[in-house]
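Below: entry28.cif (mmCIF, C-alpha atoms)
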```
data_query
loop_
_atom_site.label_atom_id
_atom_site.label_comp_id
_atom_site.auth_asym_id
_atom_site.auth_seq_id
_atom_site.Cartn_x
_atom_site.Cartn_y
_atom_site.Cartn_z
CA MET A 89 -0.36 -28.86 -1.56
CA ASP A 90 0.61 -32.41 -0.59
CA SER A 91 -2.38 -34.36 -1.94
CA LYS A 92 -0.89 -37.72 -1.02
CA GLN A 93 -0.52 -36.78 2.65
CA ILE A 94 -3.98 -35.21 2.66
CA ALA A 95 -5.43 -38.44 1.18
CA LYS A 96 -3.72 -40.47 3.93
CA ASN A 97 -5.06 -38.21 6.67
CA THR A 98 -8.52 -38.24 5.11
CA VAL A 99 -8.59 -42.06 5.05
CA LYS A 100 -7.58 -42.14 8.70
CA THR A 101 -10.46 -39.81 9.57
CA LEU A 102 -12.80 -41.85 7.39
CA ILE A 103 -11.83 -45.13 9.08
CA SER A 104 -12.23 -43.60 12.54
CA TYR A 105 -15.66 -42.36 11.54
CA LEU A 106 -16.69 -45.80 10.25
CA THR A 107 -15.42 -47.27 13.52
CA TYR A 108 -17.61 -44.81 15.40
CA GLN A 109 -20.60 -45.79 13.25
CA ALA A 110 -19.82 -49.49 13.84
CA VAL A 111 -19.84 -48.84 17.58
CA ARG A 112 -23.28 -47.23 17.24
CA VAL A 113 -24.54 -50.26 15.32
CA VAL A 114 -23.21 -52.68 17.96
CA VAL A 115 -24.59 -50.56 20.84
CA SER A 116 -27.98 -50.52 19.15
CA GLN A 117 -27.91 -54.32 18.63
CA LEU A 118 -26.82 -54.91 22.23
CA SER A 119 -29.51 -52.62 23.64
CA GLU A 120 -31.98 -55.28 22.47
CA THR A 121 -30.02 -58.41 23.30
CA ASP A 122 -27.90 -57.39 26.29
CA PRO A 123 -28.78 -53.94 27.69
CA PRO A 124 -26.16 -53.85 30.50
CA VAL A 125 -23.36 -54.47 28.00
CA ALA A 126 -24.88 -51.84 25.68
CA ILE A 127 -24.72 -49.32 28.51
CA TRP A 128 -21.17 -50.32 29.36
CA LEU A 129 -20.00 -50.01 25.72
CA ASN A 130 -21.78 -46.71 25.29
CA SER A 131 -20.12 -45.21 28.33
CA PHE A 132 -16.73 -46.68 27.38
CA SER A 133 -17.08 -45.09 23.92
CA SER A 134 -18.33 -41.66 24.87
CA THR A 135 -15.19 -40.12 26.26
CA GLY A 136 -13.83 -38.72 23.01
CA LYS A 137 -11.23 -41.45 22.69
CA ILE A 138 -13.06 -42.76 19.62
CA GLN A 139 -11.59 -39.83 17.65
CA ASP A 140 -8.71 -42.22 16.93
CA GLY A 141 -10.37 -45.49 15.91
CA GLU A 142 -7.28 -47.68 16.25
CA ALA A 143 -6.31 -46.39 19.69
CA TYR A 144 -9.92 -46.90 20.78
CA LEU A 145 -9.98 -50.53 19.56
CA LYS A 146 -6.60 -51.25 21.14
CA GLU A 147 -7.95 -50.15 24.50
CA LEU A 148 -11.25 -51.99 24.06
CA ILE A 149 -9.47 -55.26 23.17
CA VAL A 150 -7.82 -55.18 26.57
CA GLU A 151 -11.13 -54.51 28.34
CA ARG A 152 -13.54 -56.62 26.31
CA GLN A 153 -11.93 -58.43 23.42
CA ALA A 154 -15.14 -59.95 22.01
CA LEU A 155 -16.82 -56.56 21.70
CA ALA A 156 -13.78 -55.07 19.98
CA PHE A 157 -13.64 -57.92 17.46
CA ARG A 158 -17.35 -57.51 16.80
CA ILE A 159 -16.91 -53.79 16.09
CA MET A 160 -13.98 -54.58 13.80
CA THR A 161 -16.16 -56.99 11.82
CA VAL A 162 -19.01 -54.48 11.58
CA ARG A 163 -16.75 -51.67 10.36
CA GLU A 164 -15.36 -53.99 7.69
CA HIS A 165 -18.92 -54.75 6.52
CA LEU A 166 -19.86 -51.06 6.65
CA ALA A 167 -16.84 -50.16 4.53
CA ALA A 168 -17.71 -52.86 2.00
CA GLU A 169 -21.24 -51.51 1.73
CA ILE A 170 -20.69 -47.78 1.50
CA VAL A 171 -17.17 -46.68 0.51
CA ASP A 172 -17.71 -47.19 -3.22
CA PHE A 173 -20.47 -44.56 -3.18
CA LEU A 174 -18.41 -41.94 -1.35
CA PRO A 175 -16.40 -40.43 -4.24
CA GLU A 176 -19.46 -39.51 -6.30
CA MET A 177 -21.43 -38.40 -3.22
CA ALA A 178 -18.54 -36.24 -1.99
CA ARG A 179 -17.94 -34.60 -5.36
CA THR A 180 -21.62 -33.88 -5.92
CA GLY A 181 -22.10 -32.78 -2.31
CA ILE A 182 -19.26 -30.25 -2.52
CA GLU A 183 -20.37 -28.92 -5.91
CA GLN A 184 -23.94 -28.43 -4.72
CA ALA A 185 -22.93 -26.89 -1.40
CA ASN A 186 -20.52 -24.50 -3.15
CA MET A 187 -23.21 -23.49 -5.62
CA GLU A 188 -25.67 -22.92 -2.79
CA HIS A 189 -23.19 -20.73 -0.84
CA ARG A 190 -22.55 -18.65 -3.98
CA ARG A 191 -26.25 -18.34 -4.72
CA GLN A 192 -27.05 -17.18 -1.18
CA TYR A 193 -24.20 -14.68 -1.31
CA LEU A 194 -25.37 -13.21 -4.64
CA GLU A 195 -28.92 -13.03 -3.36
CA ARG A 196 -27.81 -11.10 -0.29
CA VAL A 197 -25.60 -8.73 -2.30
CA THR A 198 -28.40 -8.07 -4.80
CA GLN A 199 -30.83 -7.47 -1.96
CA LEU A 200 -28.42 -4.99 -0.35
CA ASN A 201 -28.01 -3.14 -3.66
CA LEU A 202 -31.76 -2.92 -4.17
CA GLU A 203 -32.22 -1.62 -0.64
CA THR A 204 -29.52 1.01 -1.17
CA GLN A 205 -31.10 2.13 -4.44
CA SER A 206 -34.58 2.42 -2.98
CA GLU A 207 -33.45 4.44 0.04
CA PRO A 208 -35.15 7.87 0.27
CA ASP A 209 -33.14 11.05 -0.43
CA LEU A 210 -31.32 12.40 2.58
CA ASP A 211 -33.05 15.74 2.01
CA SER A 212 -36.60 14.47 2.14
CA PRO A 213 -38.38 14.95 5.47
CA ALA A 214 -38.42 12.05 7.93
CA GLY A 215 -41.62 10.16 8.85
CA MET B 271 -28.29 -51.15 10.12
CA ASP B 272 -29.30 -48.23 7.91
CA SER B 273 -26.42 -48.17 5.42
CA LYS B 274 -27.93 -45.37 3.36
CA GLN B 275 -28.16 -43.01 6.33
CA ILE B 276 -24.67 -44.02 7.48
CA ALA B 277 -23.35 -43.26 3.97
CA LYS B 278 -24.98 -39.82 4.09
CA ASN B 279 -23.50 -39.03 7.50
CA THR B 280 -20.11 -40.31 6.39
CA VAL B 281 -20.11 -38.05 3.32
CA LYS B 282 -20.97 -35.07 5.50
CA THR B 283 -18.04 -35.85 7.78
CA LEU B 284 -15.80 -36.40 4.75
CA ILE B 285 -16.77 -33.04 3.20
CA SER B 286 -16.23 -31.23 6.49
CA TYR B 287 -12.80 -32.84 6.76
CA LEU B 288 -11.90 -31.79 3.20
CA THR B 289 -13.07 -28.27 4.07
CA TYR B 290 -10.75 -28.32 7.08
CA GLN B 291 -7.87 -29.48 4.88
CA ALA B 292 -8.70 -26.75 2.33
CA VAL B 293 -8.53 -24.17 5.14
CA ARG B 294 -5.09 -25.49 6.06
CA VAL B 295 -3.94 -25.20 2.44
CA VAL B 296 -5.20 -21.60 2.18
CA VAL B 297 -3.69 -20.63 5.56
CA SER B 298 -0.37 -22.06 4.44
CA GLN B 299 -0.52 -20.16 1.11
CA LEU B 300 -1.47 -16.91 2.87
CA SER B 301 1.29 -17.25 5.44
CA GLU B 302 3.68 -16.61 2.54
CA THR B 303 1.70 -14.00 0.62
CA ASP B 304 -0.29 -12.21 3.33
CA PRO B 305 0.71 -13.20 6.88
CA PRO B 306 -1.80 -10.98 8.75
CA VAL B 307 -4.72 -12.54 6.85
CA ALA B 308 -3.23 -16.01 7.47
CA ILE B 309 -3.25 -15.27 11.19
CA TRP B 310 -6.79 -13.94 11.03
CA LEU B 311 -8.09 -16.99 9.13
CA ASN B 312 -6.26 -19.37 11.42
CA SER B 313 -7.79 -17.84 14.51
CA PHE B 314 -11.24 -17.65 12.88
CA SER B 315 -10.99 -21.36 12.03
CA SER B 316 -9.62 -22.72 15.28
CA THR B 317 -12.67 -22.50 17.48
CA GLY B 318 -14.11 -25.90 16.65
CA LYS B 319 -16.79 -24.46 14.38
CA ILE B 320 -15.08 -26.11 11.42
CA GLN B 321 -16.58 -29.43 12.62
CA ASP B 322 -19.53 -28.50 10.39
CA GLY B 323 -17.98 -27.36 7.10
CA GLU B 324 -21.09 -25.70 5.68
CA ALA B 325 -21.92 -23.73 8.84
CA TYR B 326 -18.29 -22.63 8.96
CA LEU B 327 -18.33 -21.39 5.35
CA LYS B 328 -21.66 -19.63 5.85
CA GLU B 329 -20.16 -17.65 8.71
CA LEU B 330 -16.92 -16.95 6.85
CA ILE B 331 -18.78 -15.65 3.79
CA VAL B 332 -20.31 -12.95 5.96
CA GLU B 333 -16.93 -12.01 7.45
CA ARG B 334 -14.62 -12.38 4.45
CA GLN B 335 -16.36 -13.57 1.32
CA ALA B 336 -13.24 -13.81 -0.86
CA LEU B 337 -11.52 -16.14 1.60
CA ALA B 338 -14.59 -18.37 1.85
CA PHE B 339 -14.87 -18.64 -1.94
CA ARG B 340 -11.18 -19.49 -2.15
CA ILE B 341 -11.58 -22.30 0.40
CA MET B 342 -14.61 -23.58 -1.52
CA THR B 343 -12.54 -23.73 -4.71
CA VAL B 344 -9.66 -25.50 -2.96
CA ARG B 345 -11.92 -28.13 -1.39
CA GLU B 346 -13.43 -28.83 -4.81
CA HIS B 347 -9.93 -29.36 -6.24
CA LEU B 348 -8.94 -31.51 -3.26
CA ALA B 349 -12.01 -33.69 -3.73
CA ALA B 350 -11.28 -34.07 -7.45
CA GLU B 351 -7.74 -35.17 -6.65
CA ILE B 352 -8.23 -37.60 -3.81
CA VAL B 353 -11.77 -38.98 -3.41
CA ASP B 354 -11.38 -41.65 -6.10
CA PHE B 355 -8.57 -43.26 -4.08
CA LEU B 356 -10.52 -43.36 -0.82
CA PRO B 357 -12.59 -46.55 -1.30
CA GLU B 358 -9.60 -48.79 -1.91
CA MET B 359 -7.51 -47.05 0.76
CA ALA B 360 -10.31 -47.34 3.31
CA ARG B 361 -10.99 -51.02 2.61
CA THR B 362 -7.31 -51.95 2.70
CA GLY B 363 -6.70 -49.76 5.75
CA ILE B 364 -9.48 -51.41 7.72
CA GLU B 365 -8.47 -54.94 6.68
CA GLN B 366 -4.86 -54.35 7.66
CA ALA B 367 -5.71 -52.63 10.94
CA ASN B 368 -8.14 -55.43 11.87
CA MET B 369 -5.52 -58.04 11.06
CA GLU B 370 -2.96 -56.19 13.16
CA HIS B 371 -5.31 -55.92 16.16
CA ARG B 372 -6.03 -59.68 15.94
CA ARG B 373 -2.34 -60.51 15.61
CA GLN B 374 -1.40 -58.41 18.64
CA TYR B 375 -4.20 -59.98 20.65
CA LEU B 376 -3.13 -63.54 19.75
CA GLU B 377 0.47 -62.69 20.55
CA ARG B 378 -0.51 -61.40 23.97
CA VAL B 379 -2.73 -64.39 24.72
CA THR B 380 -0.02 -66.83 23.64
CA GLN B 381 2.50 -64.95 25.74
CA LEU B 382 0.20 -65.15 28.76
CA ASN B 383 -0.29 -68.91 28.25
CA LEU B 384 3.44 -69.47 27.99
CA GLU B 385 4.04 -67.47 31.16
CA THR B 386 1.34 -69.45 33.00
CA GLN B 387 2.84 -72.75 31.87
CA SER B 388 6.36 -71.81 32.89
CA GLU B 389 5.32 -70.61 36.37
CA PRO B 390 7.00 -72.52 39.19
CA ASP B 391 4.93 -74.98 41.27
CA LEU B 392 3.05 -73.36 44.11
CA ASP B 393 4.79 -75.79 46.48
CA SER B 394 8.34 -74.86 45.55
CA PRO B 395 10.07 -72.47 47.99
CA ALA B 396 9.98 -68.76 47.19
CA GLY B 397 13.10 -66.75 46.22
#
```
Give the structure from this file in structure tokens form.
Amino acid sequence: MDSKQIAKNTVKTLISYLTYQAVRVVVSQLSETDPPVAIWLNSFSSTGKIQDGEAYLKELIVERQALAFRIMTVREHLAAEIVDFLPEMARTGIEQANMEHRRQYLERVTQLNLETQSEPDLDSPAG
Amino acid sequence: MDSKQIAKNTVKTLISYLTYQAVRVVVSQLSETDPPVAIWLNSFSSTGKIQDGEAYLKELIVERQALAFRIMTVREHLAAEIVDFLPEMARTGIEQANMEHRRQYLERVTQLNLETQSEPDLDSPAG
């Protein structure tokens, strides 16, 4: 298990996700101040290319440099505000979700056992 | 900008990504110890449903509980090993990427200006 490589890939995904969230923030701001540009940015961003945040920004800089720079600034702010909370939230989130999956599984298995035990004898008459 | 909600959504994406990475680890382990199960798990996991880690695990528990529990354990280990590094890596990654986008943009603009300045007079004969 190559933890270092996994950490690198995870950060890349994380940054792309923050870029996507920054785009949503900027679209929402623009929809109040400049609706046509909001519509343009929304349609530019909704073709799946935002999966790779850097490739997306590279393309947007060519089309509309000011918007791209604005998104870059917003994602930097977003990162500053939330990334420090992520480790604890991720650890707790995984622990709780794992516990919940195990609990549901045990509940189902117990239920099945109870049902099996309370089944009528095969010899007893039906109805 | 609702940072709290964005943090929550980001953690969900992060956990789903770690679940995906845990699946990859388990598939890779199984491909050495139990190739048919590796193939089964790979095909079960490659239909896009892994986008939502919890829904994916819920479904897998019904199909093959032991595999699901193993993936849950691996993602917990993965989180313990890497999440503490993510804040710094994300901040630095975004800062560097932003700087690089700005640098490339300035380089292109400067290049364009130089080319414009060194263009021949419109009056001079062509060729």
Specify as a ChimeraX atom specification each residue included when the PyMOL selection byres ((chain A) within 8 of (chain B)) is applied to this file. /A:89,91-92,94-95,98-103,105-106,109,113,142,145-146,149,157,160,163-164,166-175,177-179,181-183,185-186,189-190,193
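Least-squares fitting of chain B to chain A, using all C-alpha atoms matched in order, gives an RMSD of 0.1 Å.
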Interatomic distance (Å, one decimal) between CA of Glu329 (chain B) and CA of Phe314 (chain B):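 Calculated distance between CA of Glu329 (chain B) and CA of Phe314 (chain B) is 9.8 Å.
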Rounded to one decimal, what separation in Å do you get between CA of Gly136 (chain A) and CA of Gln275 (chain B)?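 It comes out at 22.4 Å.
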Separation of CA of Asn130 (chain A) from CA of Tyr108 (chain A) in Å: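 Those two atoms sit 10.9 Å apart.
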Name all residues at most 9 Å from Ile309 (chain B) (count only C-alpha atoms; drop same-chain ones fewer than 6 positions away) and give them as a list in words. Val297, Leu300 and Ser301 of chain B
